[in-house]
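> Contents of query00.txt (compact mmCIF, C-alpha atoms) are below:
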```txt
# COMPACT_ATOMS: atom_id res chain seq x y z
CA MET Y 955 87.73 27.76 -17.11
CA GLN Y 956 84.39 27.42 -15.33
CA SER Y 957 82.63 29.03 -18.30
CA VAL Y 958 83.98 26.24 -20.53
CA LYS Y 959 82.79 23.61 -18.05
CA ASN Y 960 79.37 25.28 -17.92
CA ALA Y 961 79.11 25.23 -21.70
CA ILE Y 962 79.79 21.50 -21.75
CA ALA Y 963 77.37 20.81 -18.89
CA GLU Y 964 74.67 22.90 -20.52
CA ASN Y 965 74.86 21.55 -24.04
CA LEU Y 966 76.48 18.12 -24.38
CA GLY Y 967 75.68 14.59 -23.26
CA LYS Y 968 76.09 10.89 -24.10
CA VAL Y 969 79.81 10.34 -24.69
CA VAL Y 970 80.64 13.32 -22.46
CA SER Y 971 80.18 11.24 -19.34
CA GLY Y 972 79.19 13.19 -16.24
CA ALA Y 973 78.82 16.47 -18.12
CA HIS Y 974 76.39 17.84 -15.54
CA ASP Y 975 78.98 17.31 -12.82
CA LEU Y 976 81.05 20.06 -14.42
CA ALA Y 977 78.53 22.65 -13.22
CA PRO Y 978 79.20 24.58 -10.00
CA GLU Y 979 78.13 22.52 -6.98
CA ASP Y 980 75.29 24.87 -6.10
CA GLN Y 981 73.88 24.64 -9.64
CA ARG Y 982 73.77 20.89 -10.08
CA PHE Y 983 70.58 18.86 -10.31
CA SER Y 984 69.54 15.38 -11.39
CA LEU Y 985 66.19 13.79 -12.14
CA GLU Y 986 66.60 11.72 -8.98
CA GLU Y 987 66.26 14.97 -7.02
CA VAL Y 988 62.77 15.70 -8.35
CA PRO Y 989 60.55 15.73 -5.24
CA ASP Y 990 57.49 13.58 -4.69
CA LEU Y 991 54.61 15.08 -6.67
CA SER Y 992 51.71 13.21 -5.09
CA GLY Y 993 48.46 15.17 -5.33
CA LYS Y 994 49.80 17.57 -7.96
CA VAL Y 995 48.52 18.21 -11.50
CA ALA Y 996 50.64 19.10 -14.52
CA VAL Y 997 50.08 20.25 -18.10
CA VAL Y 998 52.78 19.62 -20.71
CA THR Y 999 52.51 20.72 -24.33
CA GLY Y 1000 54.27 18.39 -26.73
CA GLY Y 1001 54.66 15.90 -23.90
CA SER Y 1002 54.55 12.78 -26.05
CA GLU Y 1003 58.03 12.91 -27.60
CA GLY Y 1004 61.53 14.29 -27.22
CA ILE Y 1005 62.18 16.62 -24.29
CA GLY Y 1006 58.44 16.67 -23.58
CA TYR Y 1007 58.38 12.91 -23.12
CA GLY Y 1008 61.37 13.18 -20.83
CA CYS Y 1009 59.29 15.55 -18.70
CA THR Y 1010 56.20 13.33 -18.90
CA HIS Y 1011 58.11 10.22 -17.86
CA THR Y 1012 59.81 12.04 -14.99
CA LEU Y 1013 56.57 13.55 -13.67
CA LEU Y 1014 54.88 10.14 -13.67
CA SER Y 1015 57.94 8.52 -12.07
CA HIS Y 1016 57.56 10.95 -9.18
CA ASN Y 1017 53.87 10.28 -8.60
CA ILE Y 1018 52.12 13.17 -10.36
CA LYS Y 1019 48.41 12.75 -9.71
CA LYS Y 1020 47.17 13.89 -13.12
CA LEU Y 1021 48.99 14.80 -16.32
CA PHE Y 1022 47.43 16.56 -19.30
CA ILE Y 1023 49.45 16.22 -22.49
CA ILE Y 1024 48.65 18.59 -25.34
CA SER Y 1025 49.75 17.20 -28.69
CA MET Y 1026 48.66 17.15 -32.33
CA SER Y 1027 49.66 13.59 -33.23
CA GLU Y 1028 47.52 10.67 -32.11
CA ASP Y 1029 50.04 8.07 -33.33
CA ILE Y 1030 52.86 9.65 -31.31
CA ILE Y 1031 50.76 9.86 -28.14
CA ASP Y 1032 49.70 6.23 -28.65
CA ASP Y 1033 53.35 5.19 -28.79
CA ALA Y 1034 54.10 7.24 -25.67
CA LEU Y 1035 51.23 5.72 -23.70
CA LYS Y 1036 52.23 2.24 -24.81
CA ALA Y 1037 55.76 2.87 -23.56
CA ILE Y 1038 54.45 4.21 -20.25
CA LYS Y 1039 52.18 1.16 -19.76
CA GLU Y 1040 54.98 -1.27 -20.54
CA GLU Y 1041 57.56 0.41 -18.34
CA MET Y 1042 55.54 1.98 -15.53
CA GLY Y 1043 52.26 0.08 -15.44
CA GLU Y 1044 48.60 0.74 -16.07
CA ASP Y 1045 48.16 2.96 -13.03
CA LYS Y 1046 50.67 5.55 -14.24
CA ALA Y 1047 49.30 5.43 -17.79
CA SER Y 1048 45.77 6.04 -16.47
CA ARG Y 1049 46.92 9.36 -14.98
CA VAL Y 1050 47.61 10.73 -18.47
CA GLU Y 1051 44.94 12.49 -20.50
CA TRP Y 1052 45.69 13.47 -24.08
CA MET Y 1053 44.23 16.72 -25.38
CA LYS Y 1054 44.52 17.02 -29.16
CA CYS Y 1055 45.32 20.57 -30.18
CA ASP Y 1056 47.11 22.59 -32.84
CA LEU Y 1057 48.54 25.53 -30.92
CA SER Y 1058 48.49 27.70 -34.04
CA ASP Y 1059 44.67 27.48 -33.87
CA TRP Y 1060 44.11 29.91 -31.02
CA GLU Y 1061 40.35 29.38 -30.73
CA ALA Y 1062 40.88 25.62 -30.39
CA THR Y 1063 43.69 26.23 -27.89
CA GLY Y 1064 41.38 28.30 -25.69
CA LYS Y 1065 38.74 25.58 -25.79
CA VAL Y 1066 41.26 22.93 -24.76
CA ALA Y 1067 42.30 25.08 -21.81
CA PHE Y 1068 38.66 25.34 -20.73
CA GLU Y 1069 38.29 21.55 -21.05
CA ILE Y 1070 41.30 21.05 -18.79
CA ALA Y 1071 39.85 23.49 -16.26
CA LYS Y 1072 36.64 21.45 -16.14
CA LYS Y 1073 38.55 18.26 -15.39
CA THR Y 1074 40.73 19.45 -12.51
CA ASP Y 1075 40.55 21.86 -9.59
CA ARG Y 1076 44.26 22.69 -9.63
CA ILE Y 1077 47.32 23.15 -11.83
CA ASP Y 1078 50.70 22.99 -10.13
CA ILE Y 1079 52.98 22.72 -13.17
CA LEU Y 1080 52.65 24.12 -16.70
CA ILE Y 1081 55.43 23.26 -19.15
CA ASN Y 1082 55.09 25.06 -22.49
CA ASN Y 1083 57.36 22.78 -24.49
CA ALA Y 1084 55.75 22.15 -27.89
CA ALA Y 1085 57.39 23.97 -30.78
CA ARG Y 1086 57.92 24.21 -34.49
CA GLY Y 1087 61.66 23.70 -34.77
CA ILE Y 1088 64.39 24.87 -37.11
CA MET Y 1089 62.31 24.79 -40.29
CA THR Y 1090 61.49 27.04 -43.24
CA TYR Y 1091 59.15 30.01 -43.15
CA GLN Y 1092 55.42 29.25 -43.37
CA LEU Y 1093 52.23 31.00 -42.41
CA ALA Y 1094 49.56 29.56 -40.14
CA LYS Y 1095 45.97 29.43 -41.37
CA ASN Y 1096 45.32 32.76 -39.67
CA GLY Y 1097 48.06 34.44 -41.72
CA VAL Y 1098 50.62 34.68 -38.91
CA ASP Y 1099 54.18 33.34 -39.05
CA LEU Y 1100 53.78 29.68 -38.10
CA HIS Y 1101 56.77 29.61 -35.76
CA MET Y 1102 55.45 32.50 -33.66
CA ALA Y 1103 51.83 31.32 -33.92
CA ILE Y 1104 52.74 28.00 -32.28
CA ASN Y 1105 55.84 28.53 -30.19
CA HIS Y 1106 54.91 31.81 -28.54
CA MET Y 1107 51.36 32.97 -29.15
CA GLY Y 1108 49.72 29.55 -28.85
CA HIS Y 1109 51.32 29.15 -25.44
CA VAL Y 1110 50.25 32.63 -24.38
CA VAL Y 1111 46.65 31.78 -25.28
CA LEU Y 1112 46.85 28.49 -23.38
CA THR Y 1113 48.42 30.06 -20.30
CA SER Y 1114 46.01 32.98 -20.34
CA HIS Y 1115 42.98 30.70 -20.34
CA LEU Y 1116 44.44 28.59 -17.51
CA LEU Y 1117 45.31 31.60 -15.35
CA PRO Y 1118 42.19 31.53 -13.14
CA LEU Y 1119 42.96 27.93 -12.15
CA ILE Y 1120 46.68 28.66 -11.78
CA LYS Y 1121 45.94 31.63 -9.51
CA SER Y 1122 43.44 29.74 -7.39
CA THR Y 1123 45.95 26.91 -6.90
CA ALA Y 1124 48.56 29.41 -5.76
CA ASP Y 1125 46.13 31.29 -3.55
CA LYS Y 1126 45.54 28.08 -1.59
CA GLY Y 1127 49.18 28.12 -0.55
CA ASN Y 1128 50.61 25.88 -3.27
CA LYS Y 1129 53.69 26.67 -5.34
CA VAL Y 1130 52.84 26.84 -9.05
CA ARG Y 1131 55.68 26.66 -11.53
CA LEU Y 1132 55.37 27.90 -15.11
CA VAL Y 1133 58.11 26.93 -17.57
CA GLN Y 1134 58.72 28.22 -21.08
CA LEU Y 1135 61.14 26.19 -23.22
CA GLY Y 1136 63.68 28.69 -24.42
CA SER Y 1137 67.01 27.92 -26.06
CA ASN Y 1138 70.41 29.45 -26.57
CA ALA Y 1139 69.21 29.67 -30.17
CA HIS Y 1140 67.47 32.86 -29.00
CA GLU Y 1141 70.77 34.56 -29.81
CA SER Y 1142 69.96 33.93 -33.50
CA ALA Y 1143 67.01 36.32 -33.34
CA PRO Y 1144 67.45 39.50 -35.42
CA LYS Y 1145 69.14 42.25 -33.42
CA ASP Y 1146 66.58 44.76 -34.71
CA VAL Y 1147 63.50 42.79 -33.64
CA LYS Y 1148 60.76 45.06 -32.34
CA PHE Y 1149 57.55 42.95 -32.19
CA GLU Y 1150 55.55 45.89 -33.48
CA SER Y 1151 53.58 44.71 -36.53
CA LEU Y 1152 52.35 41.71 -38.46
CA GLU Y 1153 54.45 42.83 -41.41
CA GLU Y 1154 57.57 42.62 -39.27
CA LEU Y 1155 56.51 39.27 -37.83
CA ASN Y 1156 55.85 37.76 -41.25
CA GLN Y 1157 59.30 38.40 -42.66
CA ASP Y 1158 61.21 35.32 -43.81
CA LEU Y 1159 64.25 35.33 -41.54
CA GLY Y 1160 65.56 31.91 -42.55
CA ALA Y 1161 65.17 28.74 -40.51
CA MET Y 1162 67.45 29.72 -37.61
CA GLY Y 1163 66.12 33.27 -37.50
CA GLN Y 1164 62.48 32.12 -37.40
CA TYR Y 1165 63.20 29.64 -34.63
CA GLY Y 1166 65.55 31.87 -32.66
CA ARG Y 1167 63.03 34.71 -32.57
CA THR Y 1168 60.44 32.45 -30.95
CA LYS Y 1169 62.90 31.31 -28.31
CA LEU Y 1170 63.69 34.93 -27.54
CA ALA Y 1171 59.95 35.47 -27.16
CA SER Y 1172 59.72 32.51 -24.77
CA ILE Y 1173 62.35 33.99 -22.45
CA LEU Y 1174 60.80 37.46 -22.63
CA TYR Y 1175 57.37 35.96 -21.86
CA ALA Y 1176 58.67 34.06 -18.82
CA ARG Y 1177 60.22 37.23 -17.46
CA TYR Y 1178 57.09 39.25 -18.26
CA LEU Y 1179 55.00 36.81 -16.20
CA SER Y 1180 57.54 37.02 -13.41
CA ARG Y 1181 57.35 40.82 -13.34
CA HIS Y 1182 53.57 41.02 -13.43
CA LEU Y 1183 52.26 37.72 -12.05
CA SER Y 1184 54.83 36.62 -9.50
CA THR Y 1185 54.69 40.05 -7.85
CA SER Y 1186 50.93 39.83 -7.24
CA HIS Y 1187 50.93 36.05 -6.64
CA PRO Y 1188 54.30 35.17 -5.07
CA ASN Y 1189 53.50 31.45 -5.09
CA ILE Y 1190 53.60 31.51 -8.91
CA LEU Y 1191 57.13 31.12 -10.26
CA SER Y 1192 57.79 31.79 -13.94
CA ASN Y 1193 61.03 30.75 -15.64
CA ALA Y 1194 62.50 29.81 -19.02
CA THR Y 1195 64.92 26.97 -19.70
CA HIS Y 1196 67.53 25.87 -22.22
CA PRO Y 1197 67.64 22.08 -22.74
CA GLY Y 1198 71.00 21.76 -24.47
CA PHE Y 1199 71.74 19.90 -27.69
CA VAL Y 1200 69.23 17.02 -27.58
CA GLU Y 1201 68.53 14.06 -29.84
CA THR Y 1202 64.94 14.64 -30.94
CA ARG Y 1203 62.92 14.26 -34.12
CA GLN Y 1204 63.86 17.89 -34.83
CA SER Y 1205 67.61 17.31 -34.69
CA VAL Y 1206 67.47 13.95 -36.49
CA ASP Y 1207 64.80 14.30 -39.19
CA MET Y 1208 63.23 17.75 -39.41
CA ILE Y 1209 66.56 19.55 -39.69
CA HIS Y 1210 66.76 18.22 -43.27
CA GLU Y 1211 63.68 20.22 -44.28
CA PRO Y 1212 65.54 23.56 -44.29
CA TYR Y 1213 69.00 22.03 -44.78
CA PRO Y 1214 68.71 18.91 -47.00
CA LEU Y 1215 72.48 18.32 -47.05
CA GLY Y 1216 73.88 20.58 -44.36
CA GLY Y 1217 71.48 19.02 -41.84
CA TYR Y 1218 73.65 15.89 -41.76
CA ALA Y 1219 76.20 17.81 -39.70
CA MET Y 1220 73.58 17.96 -36.95
CA SER Y 1221 71.71 14.70 -37.47
CA VAL Y 1222 74.78 12.49 -37.97
CA GLY Y 1223 77.93 14.43 -37.19
CA MET Y 1224 76.78 15.62 -33.77
CA ALA Y 1225 74.89 12.45 -32.84
CA PRO Y 1226 77.52 11.15 -30.40
CA PHE Y 1227 77.44 14.39 -28.42
CA LYS Y 1228 73.70 15.05 -28.17
CA LYS Y 1229 71.86 14.71 -24.92
CA THR Y 1230 69.21 12.02 -24.53
CA GLN Y 1231 65.63 13.18 -23.97
CA PHE Y 1232 66.15 12.56 -20.25
CA GLU Y 1233 69.39 14.55 -20.09
CA GLY Y 1234 67.62 17.24 -22.11
CA CYS Y 1235 64.73 17.63 -19.69
CA VAL Y 1236 66.85 18.15 -16.55
CA SER Y 1237 66.82 21.95 -16.49
CA THR Y 1238 63.11 22.01 -17.28
CA MET Y 1239 62.32 19.56 -14.49
CA TYR Y 1240 64.36 21.67 -12.10
CA ALA Y 1241 62.33 24.72 -13.09
CA ALA Y 1242 59.07 22.76 -12.94
CA THR Y 1243 59.53 21.06 -9.58
CA LYS Y 1244 62.36 22.47 -7.46
CA THR Y 1245 63.39 26.06 -8.06
CA GLU Y 1246 62.34 28.80 -5.67
CA GLY Y 1247 63.40 31.52 -8.10
CA THR Y 1248 61.39 33.39 -10.71
CA GLY Y 1249 62.25 35.35 -13.85
CA GLU Y 1250 65.31 33.22 -14.48
CA TYR Y 1251 66.83 31.60 -17.57
CA ILE Y 1252 67.97 28.17 -16.41
CA CYS Y 1253 70.44 26.04 -18.36
CA PRO Y 1254 71.35 22.39 -17.60
CA PRO Y 1255 71.57 21.16 -15.04
CA ALA Y 1256 70.47 24.18 -12.97
CA ILE Y 1257 72.79 26.97 -14.11
CA ARG Y 1258 71.32 30.48 -14.18
CA GLU Y 1259 72.47 32.36 -17.26
CA PRO Y 1260 71.58 35.94 -18.20
CA GLY Y 1261 70.79 35.24 -21.85
CA SER Y 1262 71.32 37.82 -24.58
CA ASP Y 1263 70.87 41.57 -24.20
CA LEU Y 1264 67.54 41.29 -26.02
CA ALA Y 1265 66.40 38.59 -23.59
CA ASN Y 1266 66.97 41.09 -20.76
CA ASN Y 1267 65.23 44.00 -22.46
CA GLU Y 1268 62.12 44.64 -20.35
CA LYS Y 1269 60.82 47.25 -22.76
CA LEU Y 1270 61.00 44.72 -25.60
CA GLY Y 1271 59.19 42.18 -23.43
CA GLU Y 1272 56.39 44.64 -22.74
CA GLN Y 1273 56.15 45.47 -26.45
CA LEU Y 1274 56.05 41.76 -27.33
CA MET Y 1275 53.13 41.13 -25.03
CA GLU Y 1276 51.25 44.28 -26.04
CA PHE Y 1277 51.55 43.19 -29.67
CA THR Y 1278 50.66 39.57 -28.82
CA CYS Y 1279 47.44 40.63 -27.10
CA LYS Y 1280 46.48 42.95 -29.93
CA LEU Y 1281 47.12 40.35 -32.64
CA VAL Y 1282 45.39 37.46 -30.85
CA LYS Y 1283 42.30 39.58 -30.20
CA GLU Y 1284 42.20 40.73 -33.81
CA LYS Y 1285 42.52 37.21 -35.17
CA THR Y 1286 39.95 35.67 -32.81
CA LYS Y 1287 37.50 38.58 -32.67
CA SER Y 1288 34.50 37.06 -34.43
CA SER Y 1289 34.67 33.63 -32.84
CA SER Y 1290 36.16 34.39 -29.46
CA ALA Y 1291 36.74 37.95 -28.30
CA ASP Y 1292 33.26 39.19 -29.27
CA LYS Y 1293 31.74 36.35 -27.25
CA GLY Y 1294 33.44 37.41 -24.06
CA CYS Y 1295 36.29 34.92 -24.15
CA PRO Y 1296 38.77 36.02 -21.46
CA PHE Y 1297 42.27 36.95 -22.53
CA LYS Y 1298 44.44 38.37 -19.79
CA THR Y 1299 48.18 37.87 -19.74
CA TYR Y 1300 48.51 38.16 -15.95
```
If you took the structure in this file and wrote it as structure tokens, what would it be?


Amino acid sequence: MQSVKNAIAENLGKVVSGAHDLAPEDQRFSLEEVPDLSGKVAVVTGGSEGIGYGCTHTLLSHNIKKLFIISMSEDIIDDALKAIKEEMGEDKASRVEWMKCDLSDWEATGKVAFEIAKKTDRIDILINNAARGIMTYQLAKNGVDLHMAINHMGHVVLTSHLLPLIKSTADKGNKVRLVQLGSNAHESAPKDVKFESLEELNQDLGAMGQYGRTKLASILYARYLSRHLSTSHPNILSNATHPGFVETRQSVDMIHEPYPLGGYAMSVGMAPFKKTQFEGCVSTMYAATKTEGTGEYICPPAIREPGSDLANNEKLGEQLMEFTCKLVKEKTKSSSADKGCPFKTY
């Protein structure tokens, strides 16, 4: 019976009043429980809409000192800043700095990370939220599957280039929390995934397969960082989260790109049951501000789930990161790697 209650708490909102209260008492959490964040600095990718905006709003509501939002769309960030000014005032809006970046452009992503490092002497929270959603197969400009180029590898490049600042923040006695946005959609990843070659990566798996594979990678990456980074720097906590079924631009509009007709089941049929962006950011805010654990997969509100067998396969996680490093270095060799650009995963 508790497993049914957990499933409701983890995935549904709106008309399911008090869904999060169905979770076990020791795994409940609300945004009101986010601690005071005065003096802390956060980086959120895709922080101007959807779940990302839920995180942005919550961080500012709890007095974050500085917030870097990485986003591609100037019009969306303008709308977000306008909303923040109107609701929270000029002071909170002035704490936000927008960094324009396409995470599939790994050279540009590295440069943005360096810009952030020049503007702050600490990073306490990194939320890797931005993602290409459930959409059709495409290649990035560098010839890599666009889903993986953005959702996984772009975030690895960003995190890698921020690591010196992350480590120095932790070494001063501060808790640093790294969060990868996973999803229960990771169970849609191919069971024979190996992360061994570009040819394998560039297969067209269908919209759910493409997306699910990246969410598997996000969970594997969080656990990889926990194994290698949290052990040497215990103040750095690395976790992945599942947001639940959330009303976002992906689930309302973009779902019709791969499924022109079938998408209405999600965009319209499921609308009454979707979480709001604030309900959808609860597990991520728990992982970003409160948890003392590392290497976990956290579902709403603060339920630890194991994830799939693949998500627990350490050997696959090591292979993923070995392949990620090899591919990123190959693709950025002339403009980045040959010029001494650092790329360490822990």

> Measuring between all atoms listed in the file, which one of Y:Cys1009, Y:Ile1079, Y:Val1111, Y:Leu1155 shows the shortest distance to Gly993 of chain Y?

Y:Ile1079

> Using only C-alpha atoms, which residues sit within 8 Å of Val1130 of chain Y once same-chain residues fewer than 6 positions away are excluded, as a list of chain:residue names?

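Using only C-alpha atoms, the neighbours found are Y:Ile1077, Y:Asp1078, Y:Ile1079, Y:Ile1120, Y:Thr1123, Y:Ala1124, Y:Asn1189, Y:Ile1190, Y:Leu1191.
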
> As a PyMOL selection string, please: the residues near segment 996-1008 of chain Y (cut-off 7 Å, all atoms listed in the file, same-chain neighbours under 2 positions excluded).

chain Y and resi 994+1010-1012+1020-1025+1030-1031+1034+1077-1084+1202+1231-1232+1234-1235

> Give me the residues near Met1102 of chain Y as a PDB file with C-alpha atoms, keeping the file's coordinate frame, where near means some atom within 9 Å (using only C-alpha atoms) and where sequence neighbours in that chain fewer than 2 positions away do not count.


```pdb
ATOM      1  CA  SER Y1058      48.490  27.700 -34.040  1.00  0.00           C
ATOM      2  CA  ARG Y1086      57.920  24.210 -34.490  1.00  0.00           C
ATOM      3  CA  VAL Y1098      50.620  34.680 -38.910  1.00  0.00           C
ATOM      4  CA  ASP Y1099      54.180  33.340 -39.050  1.00  0.00           C
ATOM      5  CA  LEU Y1100      53.780  29.680 -38.100  1.00  0.00           C
ATOM      6  CA  ILE Y1104      52.740  28.000 -32.280  1.00  0.00           C
ATOM      7  CA  ASN Y1105      55.840  28.530 -30.190  1.00  0.00           C
ATOM      8  CA  HIS Y1106      54.910  31.810 -28.540  1.00  0.00           C
ATOM      9  CA  MET Y1107      51.360  32.970 -29.150  1.00  0.00           C
ATOM     10  CA  GLY Y1108      49.720  29.550 -28.850  1.00  0.00           C
ATOM     11  CA  LEU Y1155      56.510  39.270 -37.830  1.00  0.00           C
ATOM     12  CA  GLN Y1164      62.480  32.120 -37.400  1.00  0.00           C
ATOM     13  CA  TYR Y1165      63.200  29.640 -34.630  1.00  0.00           C
ATOM     14  CA  ARG Y1167      63.030  34.710 -32.570  1.00  0.00           C
ATOM     15  CA  THR Y1168      60.440  32.450 -30.950  1.00  0.00           C
ATOM     16  CA  ALA Y1171      59.950  35.470 -27.160  1.00  0.00           C
TER      17      ALA Y1171
END
```

> Nearest to Val1133 of chain Y among Y:Gly1166, Y:Gly1247, Y:Gly1043, Y:Pro1226, with distances taken over all atoms listed in the file: which residue is it?

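So, comparing all the options, the nearest one is Y:Gly1247.
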
> Do a neighbour search on Leu1152 of chain Y at 12 Å with only C-alpha atoms, toss out local chain neighbours closer than 4 positions, and write the hits as an MDAnalysis selection string.

chainID Y and resid 1093 1096:1099 1102:1103 1148 1156:1157 1274 1277:1278 1280:1282 1284:1285

> Could you state the separation of atom CA of Ala1265 of chain Y and atom CA of Met1239 of chain Y in Å, given to one decimal place?

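Value for the atom CA of Ala1265 of chain Y-atom CA of Met1239 of chain Y distance: 21.5 Å.
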
> Can you pull out the residues contacting Glu1069 of chain Y? Cut-off 12 Å, using only C-alpha atoms, and skip same-chain residues under 4 positions away; I want them as a ChimeraX atom specification.

/Y:1022,1024,1051-1055,1062-1065,1073-1075,1112,1115-1116,1119

> Hey, which of Y:Leu1057, Y:Leu1264, Y:Met1026, Y:Ala1242 ends up closest to Leu991 of chain Y? Count all atoms listed in the file.

Y:Ala1242

> Using all atoms listed in the file, pick whichever of Y:Val1236, Y:Ile1257, Y:Leu1179, Y:Leu1014 has the shortest atom-to-atom distance to Glu987 of chain Y.

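Residue with the minimum atom-to-atom distance to Glu987 of chain Y: Y:Val1236.
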
> Rounded to one decimal place, report the atom CA of Pro1144 of chain Y-atom CA of Met1275 of chain Y distance in Å.

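Going from atom CA of Pro1144 of chain Y over to atom CA of Met1275 of chain Y, I get 17.8 Å.
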
> Out of Y:Ala1094, Y:Ala1161, Y:Ala1071, Y:Val1147, which residue has the shortest atom-to-atom distance to Leu1117 of chain Y when counting only C-alpha atoms?

Y:Ala1071

> For the point (63.0, 39.1, -20.5) in the file's frame, write as a PyMOL selection string all residues with an atom no more than 12 Å away, counting all atoms listed in the file.

chain Y and resi 1134+1136+1140+1169-1182+1192-1194+1248-1251+1260-1275

> What is the distance between atom CA of Pro989 of chain Y and atom CA of Asn965 of chain Y, in Å to one decimal?

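Distance between the two atoms: 24.3 Å.
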
> Around the point (54.4, 14.3, -9.0), in the coordinates given by the file, pick out the residues reaching within 7 Å, counting only C-alpha atoms, and return them as a list in words.

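The distance filter leaves exactly Asp990, Leu991, Ser992, Lys994, Leu1013, Leu1014, His1016, Asn1017, Ile1018 and Lys1019 of chain Y.
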
> Between Y:Met1042, Y:Ala1256, Y:Ile1070, Y:Met1162, which one has atoms that come closest to Lys1244 of chain Y, using only C-alpha atoms?

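Residue with the minimum atom-to-atom distance to Lys1244 of chain Y: Y:Ala1256.
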